[in-house]
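Undergrad: Here it is, the structure, as structure tokens.
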Amino acid sequence: MNKIAPELIAELKEKKEPEKGLPPLEIKGALVMRFAPNPNGPPTLGSARGIVVNSEYTKKYNGKLIIRFDDTDPATKRPMLEAYTWYLEDCEWLGAKPDEVVIASDRIPEYYEVAEELIRRGGAYVCFCEQEVFKALKDEKKACQHRNEKPQKNLESWKKMLEGEYKEQEAVLRIKTDIAHKDPAIRDWVAFRIIKTPHPRPEVGDKYCVWPLLDFEGAVEDHLLGTTLIIRGKDLTDSETRQRYVYKYMGWTYPETMHWGRVQIHEFGKLSTSGIKKAIAEGQYSGWDDPRLPTIRAIKRRGILPEALRKFMLDLGLGETDISLSLDTLYAENRKIIDPVANRYFFVWDPVELEVEDAEPKIAKAPIHPTRGGLREIPAGTTVYITGNDAESLKIGERLRLKDLYNIEVTDISPLKVKFIGTDMDLVKKEKARIIHWAPLDGLKVRVLSPEREFIGVGERGMEKEVDKVVQFERFGFVRIDSVNGDEVVAYFTHK
RNA sequence: GCUCCGAUAGUGUAGCACGGCCAAUCAUGUCAGACUCUCACUCUGACGACUGGGGUUCAAAUCCCCAUCGGAGCACCA
């Protein structure tokens, strides 16, 4: 078929492809998209969705991808200096290298300019109300006394704000919307507030004491960057209505928008960046790449490949429903990529020594990979290690095979005694005997870190050459060899 | 309380804009079997869903209304 009509096969494939993944876009002009995280921690699986979806669309439609750091809160969600780099690294790892990098805290003067223009046009005013007072008025659809101040007066107050004459909480700049808007979330929102905590970036430091809030910063940036399509979480749906007021005052065109629902992952539950930060400081996690964490760094360290993560994220599509998923699907994607290339090794956890009566030392020859061919050699003495749970399951009289080595029969269980009974595969073929794996006495010390527990045991030699590669420990699962120190190997569990 | 949004198998998703071809797609999962010197991979088969109720229509997963459930916003967080 392939030979006779290759174009038919190509056609078949093409027809099936659009079914999956992201919905097609109707693009009018050039496509400019941005991914806008707050670098107050490293990117997580949640961020990955944003990174992947934005990059996929810009790739597909030949658009431009921008990463914009929305780091305009030096206090409550204080940015983390390392995280800026981590985001760039992880984006690149995910195959989403941005065409442009923008840092909001570098562009404060431009936001000030827009603010000033808005005040002049009567679209913004400085409000001195206490929070509770304003909220009470707002809930009643009533304007406060500052709302009708003349632009000139507002400009003066604004200048004073910038010069640091007011304390935190004393004044804010509000965008004038519709104080009687049926949705209370829209009524005269805050665009700038006073924060006297210096920004963590040394380039910025204490240069500014008036900081924009996300809705304002994002509104201005999306215009300055020429963003044509915004995809963001549905928690930000109201942002659009709010931001449109700014666009209307300034005469700008608002980008197209799309939203997706909240993603929750069973295995991780509800972990917030700030919560993780605290737990790491307390020593509950070894760091941001602890295998129990939903960060991209952790996923990477565990041996999940970027291609698998991309596919996983793209297959979610763009629904507004909140979804709660399990990592099984991600693991299945990853396994498809890894299984054909991962070399096989023996690793025995919770090891138990097994002395084989009547056995002769032998060099076992086992395939490096079940289909790819090639053999590895494992020298076995008359005593080997087997895993604790295999040892416990043995019964007197049971005949079984040590994989790629020889057959044994259990003669006693306490203490455990076995004897050599030959090398013939017929035992397995005819008697359907079990096959268990083993490790040599002089093997490597291996530690496997998994989200559930830490496995300590012995592994065959050879795996020490696979640093940074994903291999399969037979009858255990896939792992990524993380580091080797002399005769000690540390591996991270990938998945079954 | 006010305002938005959503609802397809265990999970995720396609189909819904233009009703019929939907006894509903694909993936994952679970179970069974085949293959295999791994409990991996591969292959075969089975399981499993249109939230409920009304309405419109010859015909509704698809359109309308109500109910229920779920989520989000109403911050000087992002």
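Ordering of the structure tokens sets the chain letters (A, B, ...), residue numbers begin anew at 1 in every chain, and ligands are numbered from 1 in the order given.
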Mind listing as a list of chain:residue names which residues of chain B are within 9 Å of chain A, counting only C-alpha atoms (C1' of nucleotides)?
TA: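 Using only C-alpha atoms (C1' of nucleotides), chain B residues at most 9 Å from chain A: B:C2, B:U3, B:C4, B:C5, B:G6, B:A7, B:U11, B:G12, B:U13, B:A14, B:U25, B:C26, B:A27, B:U28, B:G29, B:U36, B:C37, B:U38, B:C39, B:A40, B:C41, B:G70, B:G71, B:A72, B:G73, B:C74, B:C76, B:C77, B:A78.
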Undergrad: Extract the full set of helix (DSSP H, G or I) residues from stretch 150-272 of chain A according to DSSP on the backbone, and format it as JSON, numbers by chain.
TA: {"A": [151, 152, 153, 154, 155, 156, 157, 158, 159, 160, 161, 162, 163, 214, 215, 216, 217, 218, 219, 220, 221, 222, 223, 224, 234, 235, 236, 237, 238, 239, 240, 241, 242, 243, 244, 245, 246, 247, 248, 249, 250]}
Undergrad: Using DSSP on the backbone coordinates, identify the residues of stretch 139-291 of chain A assigned to strand (DSSP E); present them as a list in words.
TA: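 In stretch 139-291 of chain A, DSSP puts these residues in strand (DSSP E): Val172, Leu173, Arg174, Ile175, Val190, Ala191, Phe192, Arg193, Ile194, Val210, Trp211, Pro212, Leu229, Ile230, Ile231, Arg232, Gly233, Glu256, Thr257, Met258, His259, Trp260, Val263, Gln264 and Ile265 of chain A.
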Undergrad: Would you mind listing what lies within 8 Å of stretch 483-488 of chain A as a PyMOL selection string, with only C-alpha atoms (C1' of nucleotides) counted and same-chain residues fewer than 2 positions away left out?
TA: chain A and resi 444-447+464+467-468+481+490-491
